[in-house]
file protein.cif (mmCIF, C-alpha atoms)
data_target
loop_
_atom_site.label_atom_id
_atom_site.label_comp_id
_atom_site.auth_asym_id
_atom_site.auth_seq_id
_atom_site.Cartn_x
_atom_site.Cartn_y
_atom_site.Cartn_z
CA MET A 207 9.95 11.12 -14.99
CA ALA A 208 12.06 8.18 -16.05
CA GLY A 209 11.46 6.67 -12.64
CA ILE A 210 7.73 6.80 -13.05
CA VAL A 211 7.88 5.24 -16.50
CA GLU A 212 10.05 2.41 -15.17
CA LYS A 213 7.64 1.81 -12.34
CA TRP A 214 4.74 1.93 -14.72
CA LYS A 215 6.30 -0.62 -17.06
CA LYS A 216 6.67 -3.01 -14.16
CA PHE A 217 2.93 -2.93 -13.68
CA ARG A 218 2.33 -3.90 -17.31
CA GLU A 219 3.94 -7.31 -16.96
CA PRO A 220 1.35 -10.06 -16.89
CA GLY A 221 0.85 -11.63 -13.49
CA TYR A 222 2.42 -8.74 -11.62
CA PRO A 223 -0.11 -8.58 -8.77
CA GLY A 224 1.47 -11.70 -7.32
CA LYS A 225 4.54 -9.61 -6.58
CA PHE A 226 2.64 -7.28 -4.32
CA ASP A 227 1.91 -7.45 -0.63
CA TYR A 228 -1.81 -7.45 -1.08
CA HIS A 229 -4.13 -7.74 -4.01
CA TRP A 230 -7.42 -6.35 -2.82
CA GLY A 231 -10.42 -7.68 -4.61
CA MET A 232 -14.09 -8.44 -4.39
CA VAL A 233 -16.50 -11.18 -5.25
CA ILE A 234 -20.05 -10.06 -5.96
CA ASP A 235 -22.76 -12.69 -5.98
CA LEU A 236 -25.51 -11.49 -8.31
CA ASP A 237 -27.80 -14.21 -7.07
CA ARG A 238 -27.80 -12.60 -3.65
CA CYS A 239 -28.15 -9.00 -4.83
CA SER A 240 -31.69 -7.75 -4.31
CA GLY A 241 -31.02 -4.32 -5.76
CA CYS A 242 -31.83 -2.54 -2.50
CA GLU A 243 -29.10 0.10 -3.01
CA ALA A 244 -27.98 0.05 0.62
CA CYS A 245 -24.43 -0.11 -0.74
CA VAL A 246 -25.02 3.01 -2.79
CA VAL A 247 -26.16 4.97 0.26
CA ALA A 248 -23.36 3.63 2.45
CA CYS A 249 -20.80 4.63 -0.15
CA GLN A 250 -22.29 8.07 -0.44
CA ALA A 251 -21.96 8.63 3.30
CA GLU A 252 -18.53 7.10 3.71
CA ASN A 253 -16.82 8.81 0.82
CA ASN A 254 -18.28 12.32 0.96
CA LEU A 255 -20.11 12.00 -2.31
CA PRO A 256 -22.11 15.08 -3.19
CA ILE A 257 -25.79 15.19 -3.96
CA VAL A 258 -25.75 16.81 -7.37
CA GLY A 259 -29.38 17.85 -7.53
CA GLU A 260 -32.13 17.20 -10.02
CA LYS A 261 -30.82 19.38 -12.81
CA GLN A 262 -27.34 17.88 -12.87
CA PHE A 263 -28.81 14.41 -12.51
CA ALA A 264 -30.84 14.95 -15.66
CA LEU A 265 -27.62 15.91 -17.41
CA ASN A 266 -26.15 12.56 -16.40
CA ARG A 267 -23.74 14.19 -14.00
CA GLU A 268 -24.60 12.26 -10.89
CA ILE A 269 -21.73 10.94 -8.78
CA LYS A 270 -22.13 7.41 -7.50
CA TRP A 271 -19.01 5.35 -6.95
CA ILE A 272 -21.19 2.25 -6.88
CA ARG A 273 -24.43 2.00 -8.82
CA ILE A 274 -26.96 -0.74 -9.42
CA GLU A 275 -27.44 -1.64 -13.05
CA ARG A 276 -30.65 -3.39 -14.06
CA TYR A 277 -30.91 -5.94 -16.84
CA TRP A 278 -34.32 -7.06 -18.06
CA GLN A 279 -35.13 -10.32 -19.74
CA GLY A 280 -38.44 -11.01 -21.41
CA GLU A 281 -41.55 -8.89 -21.64
CA TYR A 282 -43.96 -7.87 -18.91
CA PRO A 283 -45.56 -9.73 -17.14
CA ASP A 284 -43.03 -12.45 -17.76
CA ALA A 285 -40.00 -10.25 -17.12
CA LYS A 286 -36.96 -11.18 -15.13
CA VAL A 287 -34.58 -8.63 -13.74
CA THR A 288 -30.95 -9.00 -12.77
CA PHE A 289 -29.32 -6.40 -10.56
CA MET A 290 -25.65 -5.76 -10.96
CA PRO A 291 -23.65 -3.52 -8.65
CA MET A 292 -21.14 -1.70 -10.83
CA LEU A 293 -18.11 0.03 -9.33
CA CYS A 294 -14.49 0.59 -10.25
CA GLN A 295 -13.10 -2.81 -11.17
CA GLN A 296 -9.59 -1.88 -9.98
CA CYS A 297 -8.22 -3.39 -13.19
CA ASP A 298 -4.71 -4.74 -13.16
CA GLN A 299 -4.24 -3.56 -16.73
CA ALA A 300 -6.24 -0.41 -16.32
CA PRO A 301 -6.96 1.55 -19.50
CA CYS A 302 -7.52 4.72 -17.47
CA GLU A 303 -3.95 4.66 -16.18
CA MET A 304 -2.58 4.67 -19.69
CA ALA A 305 -4.68 7.66 -20.53
CA CYS A 306 -3.79 10.12 -17.81
CA PRO A 307 -1.34 12.74 -19.11
CA VAL A 308 -0.20 13.74 -15.61
CA PHE A 309 -0.07 10.35 -13.86
CA ALA A 310 -2.84 11.34 -11.49
CA THR A 311 -4.18 7.82 -11.66
CA TYR A 312 -1.75 5.00 -11.06
CA HIS A 313 -1.34 1.58 -9.52
CA ASN A 314 -0.21 1.39 -5.95
CA GLN A 315 1.70 -1.36 -4.19
CA ASP A 316 -1.53 -3.08 -3.18
CA GLY A 317 -2.70 -3.51 -6.74
CA LEU A 318 -5.21 -0.71 -6.31
CA ASN A 319 -5.99 1.64 -9.11
CA THR A 320 -5.83 5.00 -7.34
CA GLN A 321 -6.58 8.61 -8.09
CA ILE A 322 -4.66 11.58 -6.67
CA TYR A 323 -7.11 14.44 -6.59
CA ASN A 324 -4.40 17.09 -6.14
CA ARG A 325 -2.62 15.94 -9.22
CA CYS A 326 -5.72 15.69 -11.43
CA ILE A 327 -6.13 18.49 -13.95
CA GLY A 328 -9.51 17.33 -15.22
CA THR A 329 -8.84 16.30 -18.81
CA ARG A 330 -11.44 13.52 -18.31
CA THR A 331 -9.48 11.25 -20.65
CA CYS A 332 -9.54 8.44 -18.10
CA ALA A 333 -13.33 8.46 -18.04
CA VAL A 334 -13.38 8.08 -21.80
CA TYR A 335 -10.98 5.14 -21.65
CA CYS A 336 -12.85 3.36 -18.88
CA PRO A 337 -14.99 0.58 -20.39
CA TYR A 338 -17.03 0.25 -17.17
CA GLU A 339 -17.94 3.95 -17.03
CA VAL A 340 -17.28 4.17 -13.33
CA ARG A 341 -15.28 7.39 -13.25
CA TYR A 342 -17.10 10.54 -12.25
CA PHE A 343 -16.23 14.14 -12.84
CA ASN A 344 -16.89 17.05 -10.50
CA TRP A 345 -18.57 19.64 -12.67
CA TYR A 346 -18.97 21.93 -9.69
CA THR A 347 -17.66 22.38 -6.20
CA PHE A 348 -20.66 20.97 -4.45
CA LYS A 349 -21.89 22.34 -1.14
CA TRP A 350 -23.28 20.43 1.79
CA ASP A 351 -26.21 22.29 3.28
CA GLU A 352 -26.31 22.58 7.04
CA PRO A 353 -26.25 20.35 8.98
CA LEU A 354 -25.13 17.80 6.38
CA GLU A 355 -21.55 19.03 6.42
CA GLN A 356 -21.29 17.66 9.95
CA GLN A 357 -21.35 14.12 8.65
CA LEU A 358 -18.47 14.53 6.19
CA ASN A 359 -15.82 11.88 6.72
CA PRO A 360 -12.55 13.55 7.83
CA ASP A 361 -10.51 10.66 6.42
CA VAL A 362 -11.64 11.39 2.88
CA SER A 363 -10.88 14.60 0.99
CA VAL A 364 -13.78 16.66 -0.23
CA ARG A 365 -13.19 16.96 -3.93
CA GLU A 366 -13.43 20.22 -5.81
CA LYS A 367 -14.57 21.28 -9.23
CA GLY A 368 -12.54 19.88 -12.11
CA VAL A 369 -11.43 16.67 -10.42
CA MET A 370 -12.10 13.10 -11.48
CA GLU A 371 -13.05 10.58 -8.83
CA LYS A 372 -14.04 6.96 -8.45
CA CYS A 373 -14.32 4.06 -6.05
CA THR A 374 -11.18 3.59 -3.94
CA PHE A 375 -12.19 0.30 -2.28
CA CYS A 376 -12.49 2.56 0.79
CA ILE A 377 -8.74 3.04 0.90
CA GLN A 378 -9.07 4.96 4.17
CA ARG A 379 -10.29 1.77 5.83
CA ILE A 380 -7.49 -0.22 4.23
CA ARG A 381 -5.02 2.33 5.53
CA GLN A 382 -6.45 2.13 9.01
CA ALA A 383 -6.35 -1.67 9.05
CA LYS A 384 -2.73 -1.64 7.90
CA ASP A 385 -1.94 0.88 10.61
CA HIS A 386 -3.54 -1.33 13.26
CA ALA A 387 -1.61 -4.31 11.90
CA LYS A 388 1.62 -2.35 12.41
CA ASP A 389 0.65 -1.51 15.98
CA ARG A 390 -0.16 -5.14 16.64
CA GLY A 391 3.37 -6.13 15.66
CA GLY A 392 4.26 -9.67 14.64
CA ASP A 393 4.09 -10.13 10.89
CA GLN A 394 2.34 -6.75 10.62
CA ARG A 395 -0.11 -8.09 8.09
CA VAL A 396 -3.78 -7.35 7.81
CA ARG A 397 -5.85 -10.43 8.61
CA ASP A 398 -8.66 -11.69 6.48
CA GLY A 399 -11.97 -10.04 7.26
CA GLU A 400 -10.47 -7.02 9.02
CA ILE A 401 -11.39 -4.68 6.22
CA SER A 402 -14.85 -4.19 4.90
CA PRO A 403 -15.55 -1.30 2.55
CA ALA A 404 -18.75 0.62 3.26
CA CYS A 405 -20.73 -1.21 0.56
CA VAL A 406 -19.72 -4.62 1.87
CA GLN A 407 -20.57 -3.61 5.41
CA ALA A 408 -23.99 -2.32 4.41
CA CYS A 409 -25.11 -5.21 2.21
CA PRO A 410 -28.00 -6.98 3.97
CA THR A 411 -27.66 -10.16 1.92
CA GLU A 412 -23.87 -10.31 2.16
CA ALA A 413 -23.64 -10.39 -1.60
CA ILE A 414 -20.18 -8.82 -1.61
CA VAL A 415 -17.02 -10.38 -0.18
CA PHE A 416 -13.85 -8.31 0.15
CA GLY A 417 -10.31 -9.43 0.79
CA ASP A 418 -6.83 -10.25 -0.42
CA PHE A 419 -6.56 -12.35 -3.60
CA ASN A 420 -2.88 -12.99 -2.90
CA ASP A 421 -3.88 -15.08 0.08
CA PRO A 422 -5.27 -18.39 -1.25
CA ASP A 423 -7.07 -19.04 2.04
CA SER A 424 -8.92 -15.74 2.22
CA ALA A 425 -12.69 -15.71 2.00
CA VAL A 426 -12.55 -13.79 -1.24
CA SER A 427 -10.18 -16.26 -2.94
CA LYS A 428 -12.42 -19.12 -1.89
CA ALA A 429 -15.57 -17.37 -3.08
CA ALA A 430 -13.98 -16.62 -6.44
CA GLU A 431 -13.56 -20.35 -7.12
CA ASP A 432 -17.32 -20.75 -7.54
CA LYS A 433 -18.38 -22.27 -10.86
CA ARG A 434 -20.49 -19.22 -11.70
CA ASN A 435 -17.51 -16.85 -11.69
CA TYR A 436 -16.80 -14.39 -14.47
CA ARG A 437 -15.33 -10.95 -14.90
CA VAL A 438 -17.10 -8.14 -16.68
CA LEU A 439 -15.89 -7.46 -20.24
CA GLU A 440 -13.21 -10.09 -19.78
CA LYS A 441 -12.29 -10.05 -23.45
CA LEU A 442 -10.94 -6.52 -23.14
CA ASN A 443 -8.07 -7.98 -21.10
CA THR A 444 -8.31 -5.39 -18.37
CA THR A 445 -8.03 -8.15 -15.73
CA PRO A 446 -10.41 -6.64 -13.18
CA SER A 447 -10.06 -7.28 -9.44
CA ILE A 448 -13.77 -7.87 -9.09
CA VAL A 449 -15.20 -11.31 -9.76
CA TYR A 450 -18.93 -11.64 -10.33
CA LEU A 451 -20.94 -14.78 -9.70
CA SER A 452 -23.72 -15.00 -12.23
CA LYS A 453 -27.37 -15.23 -11.27
CA VAL A 454 -28.84 -18.70 -10.99
CA GLU A 455 -31.51 -19.08 -13.63
CA GLN A 456 -34.64 -20.93 -12.74
CA HIS A 457 -36.44 -22.79 -15.48
CA GLY A 458 -39.94 -24.18 -15.47
CA MET B 26 32.00 76.21 -7.62
CA SER B 27 31.37 73.24 -5.40
CA VAL B 28 28.57 70.84 -5.95
CA SER B 29 26.84 70.01 -2.76
CA VAL B 30 25.06 66.67 -2.72
CA LEU B 31 22.82 67.91 0.01
CA ALA B 32 21.92 70.97 -2.01
CA ALA B 33 21.12 68.78 -4.96
CA LEU B 34 18.99 66.58 -2.78
CA ARG B 35 17.22 69.53 -1.23
CA THR B 36 15.21 69.93 -4.40
CA PHE B 37 14.00 66.37 -3.93
CA LYS B 38 13.21 66.90 -0.28
CA LYS B 39 9.62 65.86 -0.61
CA HIS B 40 10.53 62.71 -2.50
CA ALA B 41 13.23 61.85 -0.01
CA LEU B 42 10.72 62.15 2.79
CA ILE B 43 8.34 59.84 1.01
CA VAL B 44 11.07 57.28 0.37
CA LEU B 45 12.13 57.50 4.01
CA ALA B 46 8.55 57.10 5.18
CA VAL B 47 8.10 54.06 2.98
CA ILE B 48 11.32 52.45 4.26
CA VAL B 49 10.45 53.11 7.89
CA GLY B 50 6.92 51.94 7.28
CA PHE B 51 8.06 48.65 5.78
CA THR B 52 10.59 48.01 8.55
CA VAL B 53 8.12 48.73 11.33
CA GLY B 54 5.44 46.77 9.53
CA HIS B 55 7.76 43.83 9.10
CA LEU B 56 8.79 43.87 12.76
CA VAL B 57 5.21 44.18 13.95
CA ASN B 58 4.16 41.40 11.65
CA ALA B 59 7.01 39.10 12.67
CA ASN B 60 6.40 39.70 16.36
CA PHE B 61 2.65 39.84 16.61
CA TYR B 62 0.97 38.48 13.51
CA SER B 63 3.44 35.95 12.15
CA ASP B 64 2.10 32.66 10.84
CA ASP B 65 5.37 30.93 11.69
CA ALA B 66 5.40 32.00 15.33
CA PRO B 67 1.88 33.12 16.17
CA VAL B 68 1.18 34.95 19.42
CA GLN B 69 -0.52 32.53 21.80
CA PRO B 70 -3.35 33.43 24.19
CA ILE B 71 -1.03 32.59 27.07
CA GLU B 72 2.70 33.15 27.04
CA PHE B 73 3.45 29.50 27.49
CA SER B 74 7.17 28.83 27.35
CA HIS B 75 8.56 25.47 26.28
CA ARG B 76 11.96 26.61 27.54
CA ILE B 77 10.68 26.94 31.11
CA HIS B 78 8.76 23.67 31.00
CA ALA B 79 10.70 21.31 28.76
CA ALA B 80 14.28 22.54 29.33
CA GLU B 81 14.55 24.27 32.71
CA ASN B 82 12.15 21.94 34.48
CA GLU B 83 12.86 18.95 32.25
CA ILE B 84 9.25 17.94 31.76
CA PRO B 85 9.23 15.27 29.02
CA CYS B 86 7.39 16.18 25.81
CA MET B 87 5.11 13.18 26.17
CA HIS B 88 3.92 14.31 29.60
CA CYS B 89 1.92 17.01 27.84
CA HIS B 90 1.66 15.73 24.27
CA VAL B 91 0.43 12.39 25.54
CA HIS B 92 -0.91 10.98 22.29
CA ALA B 93 2.18 11.49 20.11
CA ALA B 94 3.29 7.85 20.21
CA THR B 95 -0.13 6.25 19.98
CA SER B 96 -2.25 8.42 17.74
CA ILE B 97 -2.34 10.39 14.52
CA ASN B 98 -2.36 13.62 16.52
CA ALA B 99 0.16 14.57 19.17
CA GLY B 100 -2.49 16.61 20.96
CA VAL B 101 -2.18 19.73 23.10
CA PRO B 102 -2.75 19.37 26.88
CA SER B 103 -6.05 20.31 28.49
CA VAL B 104 -6.38 23.12 31.02
CA ASN B 105 -6.81 20.40 33.60
CA LYS B 106 -3.25 19.27 32.95
CA CYS B 107 -1.86 22.78 33.49
CA MET B 108 -3.82 23.10 36.72
CA ASN B 109 -2.62 19.74 38.06
CA CYS B 110 0.88 21.16 38.35
CA HIS B 111 0.18 24.80 38.85
CA ARG B 112 -2.20 24.32 41.76
CA ALA B 113 0.75 22.89 43.62
CA MET B 114 3.06 25.78 42.79
CA PRO B 115 2.31 28.79 45.03
CA GLY B 116 5.40 30.56 43.65
CA VAL B 117 3.78 31.52 40.36
CA TRP B 118 0.11 31.12 41.39
CA GLU B 119 -0.46 34.87 41.30
CA SER B 120 1.60 35.60 38.19
CA PRO B 121 -0.42 37.34 35.46
CA GLU B 122 -0.07 34.49 32.94
CA ILE B 123 -1.17 31.87 35.45
CA LEU B 124 -4.09 34.11 36.39
CA LYS B 125 -5.18 33.84 32.76
CA VAL B 126 -4.92 30.05 32.93
CA ARG B 127 -6.99 30.08 36.11
CA GLY B 128 -9.55 32.23 34.33
CA TYR B 129 -10.01 29.59 31.62
CA TRP B 130 -10.21 26.93 34.32
CA GLU B 131 -12.90 28.77 36.26
CA ARG B 132 -14.95 29.48 33.14
CA SER B 133 -14.48 25.83 32.05
CA GLU B 134 -13.18 26.99 28.69
CA PRO B 135 -10.43 25.45 26.59
CA ILE B 136 -7.45 27.69 25.87
CA PRO B 137 -7.71 28.79 22.22
CA TRP B 138 -4.12 27.93 21.25
CA VAL B 139 -3.15 28.98 17.75
CA LYS B 140 -1.94 26.08 15.61
CA VAL B 141 1.65 26.47 14.46
CA TYR B 142 2.18 23.33 12.42
CA ASP B 143 -0.77 22.82 10.14
CA LEU B 144 -0.93 20.55 7.12
CA PRO B 145 -3.67 20.86 4.50
CA ASP B 146 -6.67 18.62 5.14
CA PHE B 147 -5.87 16.33 2.24
CA VAL B 148 -2.69 15.08 3.91
CA TYR B 149 -2.57 12.05 6.18
CA PHE B 150 0.19 12.46 8.73
CA PRO B 151 0.37 9.92 11.57
CA HIS B 152 2.55 11.04 14.50
CA LYS B 153 2.64 7.57 15.97
CA ARG B 154 4.33 5.95 12.99
CA HIS B 155 7.13 8.49 13.22
CA ILE B 156 7.56 8.39 16.99
CA GLN B 157 7.48 4.58 16.97
CA ALA B 158 10.18 4.62 14.28
CA GLU B 159 12.18 6.77 16.71
CA VAL B 160 12.19 9.94 14.67
CA GLU B 161 13.03 12.71 17.16
CA CYS B 162 10.49 15.46 17.74
CA GLN B 163 13.33 17.91 17.12
CA SER B 164 14.02 16.66 13.58
CA CYS B 165 10.67 18.08 12.53
CA HIS B 166 9.85 20.70 15.16
CA GLY B 167 13.35 22.04 15.85
CA ASP B 168 14.63 22.77 19.34
CA VAL B 169 11.22 23.43 20.85
CA GLN B 170 12.70 23.20 24.32
CA GLU B 171 14.72 26.35 23.59
CA MET B 172 11.72 28.37 22.44
CA ASP B 173 9.73 30.79 24.53
CA ARG B 174 7.17 30.87 21.76
CA VAL B 175 6.82 27.93 19.37
CA GLU B 176 8.12 28.80 15.95
CA LYS B 177 7.59 26.81 12.79
CA VAL B 178 10.98 25.64 11.54
CA SER B 179 9.98 23.11 8.86
CA PRO B 180 8.49 24.03 5.49
CA LEU B 181 5.87 21.22 5.71
CA LYS B 182 6.10 20.94 1.94
CA MET B 183 5.72 17.65 0.14
CA GLN B 184 9.38 17.70 -0.86
CA TRP B 185 10.34 17.92 2.81
CA CYS B 186 8.39 14.77 3.67
CA LEU B 187 9.70 12.94 0.61
CA ASP B 188 13.35 13.84 1.26
CA CYS B 189 13.28 12.25 4.68
CA HIS B 190 11.31 9.24 3.51
CA LYS B 191 13.90 8.76 0.79
CA THR B 192 16.95 8.94 3.08
CA ARG B 193 15.24 6.79 5.71
CA GLU B 194 14.10 4.33 3.04
CA VAL B 195 10.58 4.25 4.40
CA GLU B 196 8.60 1.36 2.97
CA ASN B 197 6.09 2.74 0.44
CA GLY B 198 7.14 6.15 1.76
CA ARG B 199 6.91 7.77 -1.63
CA ASP B 200 3.65 6.27 -2.76
CA CYS B 201 1.11 9.04 -3.26
CA TRP B 202 -1.63 7.36 -1.22
CA THR B 203 0.66 6.91 1.76
CA CYS B 204 0.22 10.59 2.53
CA HIS B 205 -2.64 11.79 0.37
CA LYS B 206 -6.26 11.14 1.10
#
call {"tool": "encode", "arguments": {"input": "protein.cif", "output": "structure tokens"}}
result
Amino acid sequence: MAGIVEKWKKFREPGYPGKFDYHWGMVIDLDRCSGCEACVVACQAENNLPIVGEKQFALNREIKWIRIERYWQGEYPDAKVTFMPMLCQQCDQAPCEMACPVFATYHNQDGLNTQIYNRCIGTRTCAVYCPYEVRYFNWYTFKWDEPLEQQLNPDVSVREKGVMEKCTFCIQRIRQAKDHAKDRGGDQRVRDGEISPACVQACPTEAIVFGDFNDPDSAVSKAAEDKRNYRVLEKLNTTPSIVYLSKVEQHG
Amino acid sequence: MSVSVLAALRTFKKHALIVLAVIVGFTVGHLVNANFYSDDAPVQPIEFSHRIHAAENEIPCMHCHVHAATSINAGVPSVNKCMNCHRAMPGVWESPEILKVRGYWERSEPIPWVKVYDLPDFVYFPHKRHIQAEVECQSCHGDVQEMDRVEKVSPLKMQWCLDCHKTREVENGRDCWTCHK
């Protein structure tokens, strides 16, 4: 117990991600997002997300690790819409981690905010603490009708009733890339561009860039330097790992 | 007047019989279970002996479990692999166990081996990382080469993994997501 608390404290120091091997992050360009939801579908397939059905959906119990939020400006017919993909921000100072009574959600050595399904007892406190509302609770043990169960991803656990879940940045792909890097030998480090989470891979407009923020030369670090950059709910001091690039407004 | 224990017991004859029956039943049941239905040393469809192959004939583990050093799974050899050797061994060609192997070969069926070591699906266990770090097969699977039937010798509990990762100082070896998925 004391060990965990010590470890946990270490993560609370400002600027700690610099101490880690990798700091996985994303840059999402809202000007490129067309709201097509290809990312949503890709995520659903990759991460064994259940289809909750109409009734549960109406009760706001859908499970979507990435969703497209729509923001309207103006009145019809002069309305403008901005699409915003919203997923777990992998905060460095994650409020959800403070909330969990059993340490089922914690920070790993890559600066990822992770969830251990086995450990989770379903208090749902983390979901309440999360300002981005990107944590989802399994109200049931969902079934995959035949032949859908054939497409379940064996590298991702199928979650049961009573377990909280959320975006993992496709940690199974990160794990695989790190494994390949070990096989390759040398410095045993993952190279830039070797990992693309399902949503990044699926995006037709390449609106999302994924990579290591600890590497100043990575595509993601470069993209984050754009003048339009901002982080969602920055004032809450959660220091998210996802940088958004705001939509370019056209006037006249 | 002498008190005979036997005489005293005679009144409980029926009970004694029941107790005896229960004891015998449990012992027999236990033996049957351990020998034929055990989870730790399940009966295999073919009496394949690691002692004969790996010890007496000194066939290296990796000759059959070819993927151990390069993949997540060690893998169990195909019928083809058995036949490659056994076709060339007239000495045991007609033995009843080899006849069974030949049966699977002729029907083009895989041998339905029963899994001995089986982790839950939520665990990620890569053989290759361990073999490449020169962890001996025997440190996890015991002296397989002495076994006529493979027996599970490790608990496969989380604590067991963690203990070794701790003593071996495996990098990130105790991080939950190293093993969980």
call {"tool": "closest_atom_pairs", "arguments": {"input": "protein.cif", "of": "chain A", "to": "chain B", "cutoff": "12 Å", "atoms": "all atoms listed in the file", "output": "JSON lines"}}
result
{"residue": "A:Gly209", "atom": "CA", "partner": "B:Arg199", "partner_atom": "CA", "distance": 12.0}
{"residue": "A:Ile210", "atom": "CA", "partner": "B:Asp200", "partner_atom": "CA", "distance": 11.1}
{"residue": "A:Lys213", "atom": "CA", "partner": "B:Asp200", "partner_atom": "CA", "distance": 11.3}
{"residue": "A:Phe226", "atom": "CA", "partner": "B:Asn197", "partner_atom": "CA", "distance": 11.6}
{"residue": "A:Asp227", "atom": "CA", "partner": "B:Asn197", "partner_atom": "CA", "distance": 11.1}
{"residue": "A:Asn253", "atom": "CA", "partner": "B:Lys206", "partner_atom": "CA", "distance": 10.8}
{"residue": "A:Phe309", "atom": "CA", "partner": "B:Cys201", "partner_atom": "CA", "distance": 10.7}
{"residue": "A:Ala310", "atom": "CA", "partner": "B:Cys201", "partner_atom": "CA", "distance": 9.4}
{"residue": "A:Thr311", "atom": "CA", "partner": "B:Cys201", "partner_atom": "CA", "distance": 10.0}
{"residue": "A:Tyr312", "atom": "CA", "partner": "B:Cys201", "partner_atom": "CA", "distance": 9.2}
{"residue": "A:His313", "atom": "CA", "partner": "B:Asp200", "partner_atom": "CA", "distance": 9.6}
{"residue": "A:Asn314", "atom": "CA", "partner": "B:Asp200", "partner_atom": "CA", "distance": 7.0}
{"residue": "A:Gln315", "atom": "CA", "partner": "B:Asn197", "partner_atom": "CA", "distance": 7.6}
{"residue": "A:Asp316", "atom": "CA", "partner": "B:Asn197", "partner_atom": "CA", "distance": 10.2}
{"residue": "A:Leu318", "atom": "CA", "partner": "B:Trp202", "partner_atom": "CA", "distance": 10.2}
{"residue": "A:Asn319", "atom": "CA", "partner": "B:Trp202", "partner_atom": "CA", "distance": 10.7}
{"residue": "A:Thr320", "atom": "CA", "partner": "B:Trp202", "partner_atom": "CA", "distance": 7.8}
{"residue": "A:Gln321", "atom": "CA", "partner": "B:Trp202", "partner_atom": "CA", "distance": 8.6}
{"residue": "A:Ile322", "atom": "CA", "partner": "B:Cys201", "partner_atom": "CA", "distance": 7.2}
{"residue": "A:Tyr323", "atom": "CA", "partner": "B:Lys206", "partner_atom": "CA", "distance": 8.4}
{"residue": "A:Asn324", "atom": "CA", "partner": "B:Phe147", "partner_atom": "CA", "distance": 8.5}
{"residue": "A:Arg325", "atom": "CA", "partner": "B:Cys201", "partner_atom": "CA", "distance": 9.9}
{"residue": "A:Asn359", "atom": "CA", "partner": "B:Lys206", "partner_atom": "CA", "distance": 11.1}
{"residue": "A:Pro360", "atom": "CA", "partner": "B:Asp146", "partner_atom": "CA", "distance": 8.2}
{"residue": "A:Asp361", "atom": "CA", "partner": "B:Lys206", "partner_atom": "CA", "distance": 6.8}
{"residue": "A:Val362", "atom": "CA", "partner": "B:Lys206", "partner_atom": "CA", "distance": 5.7}
{"residue": "A:Ser363", "atom": "CA", "partner": "B:Phe147", "partner_atom": "CA", "distance": 5.4}
{"residue": "A:Val364", "atom": "CA", "partner": "B:Phe147", "partner_atom": "CA", "distance": 8.3}
{"residue": "A:Arg365", "atom": "CA", "partner": "B:Phe147", "partner_atom": "CA", "distance": 9.6}
{"residue": "A:Glu366", "atom": "CA", "partner": "B:Phe147", "partner_atom": "CA", "distance": 11.7}
{"residue": "A:Thr374", "atom": "CA", "partner": "B:Lys206", "partner_atom": "CA", "distance": 10.3}
{"residue": "A:Cys376", "atom": "CA", "partner": "B:Lys206", "partner_atom": "CA", "distance": 10.6}
{"residue": "A:Ile377", "atom": "CA", "partner": "B:Lys206", "partner_atom": "CA", "distance": 8.5}
{"residue": "A:Gln378", "atom": "CA", "partner": "B:Lys206", "partner_atom": "CA", "distance": 7.5}
{"residue": "A:Arg379", "atom": "CA", "partner": "B:Lys206", "partner_atom": "CA", "distance": 11.2}
{"residue": "A:Ile380", "atom": "CA", "partner": "B:Trp202", "partner_atom": "CA", "distance": 11.0}
{"residue": "A:Arg381", "atom": "CA", "partner": "B:Thr203", "partner_atom": "CA", "distance": 8.2}
{"residue": "A:Gln382", "atom": "CA", "partner": "B:Pro151", "partner_atom": "CA", "distance": 10.7}
{"residue": "A:Lys384", "atom": "CA", "partner": "B:Thr203", "partner_atom": "CA", "distance": 11.1}
{"residue": "A:Asp385", "atom": "CA", "partner": "B:Arg154", "partner_atom": "CA", "distance": 8.4}
{"residue": "A:His386", "atom": "CA", "partner": "B:Thr95", "partner_atom": "CA", "distance": 10.7}
{"residue": "A:Ala387", "atom": "CA", "partner": "B:Arg154", "partner_atom": "CA", "distance": 11.9}
{"residue": "A:Lys388", "atom": "CA", "partner": "B:Arg154", "partner_atom": "CA", "distance": 8.8}
{"residue": "A:Asp389", "atom": "CA", "partner": "B:Thr95", "partner_atom": "CA", "distance": 8.8}
{"residue": "A:Arg390", "atom": "CA", "partner": "B:Thr95", "partner_atom": "CA", "distance": 11.9}
{"residue": "A:Gly391", "atom": "CA", "partner": "B:Gln157", "partner_atom": "CA", "distance": 11.5}
call {"tool": "resolve_selection", "arguments": {"input": "protein.cif", "expression": "the PyMOL selection byres ((chain A and resi 425-441) around 7)", "output": "list in words"}}
result
Met232, Val233, Val415, Phe416, Gly417, Asp418, Phe419, Pro422, Asp423, Ser424, Leu442, Asn443, Thr444, Thr445, Pro446, Ile448, Val449, Tyr450, Leu451 and Ser452 of chain A
call {"tool": "resolve_selection", "arguments": {"input": "protein.cif", "expression": "the PyMOL selection byres ((chain A and resi 249) around 8)", "output": "list in words"}}
result
Cys245, Val246, Val247, Ala248, Gln250, Ala251, Glu252, Asn253, Leu255, Lys270, Trp271, Ile272, Ala404 and Cys405 of chain A
call {"tool": "write_last_selection", "arguments": {"input": "protein.cif", "atoms": "C-alpha atoms", "output": "compact mmCIF listing (two decimals), in the coordinates of the input"}}
result
# COMPACT_ATOMS: atom_id res chain seq x y z
CA CYS A 245 -24.43 -0.11 -0.74
CA VAL A 246 -25.02 3.01 -2.79
CA VAL A 247 -26.16 4.97 0.26
CA ALA A 248 -23.36 3.63 2.45
CA GLN A 250 -22.29 8.07 -0.44
CA ALA A 251 -21.96 8.63 3.30
CA GLU A 252 -18.53 7.10 3.71
CA ASN A 253 -16.82 8.81 0.82
CA LEU A 255 -20.11 12.00 -2.31
CA LYS A 270 -22.13 7.41 -7.50
CA TRP A 271 -19.01 5.35 -6.95
CA ILE A 272 -21.19 2.25 -6.88
CA ALA A 404 -18.75 0.62 3.26
CA CYS A 405 -20.73 -1.21 0.56
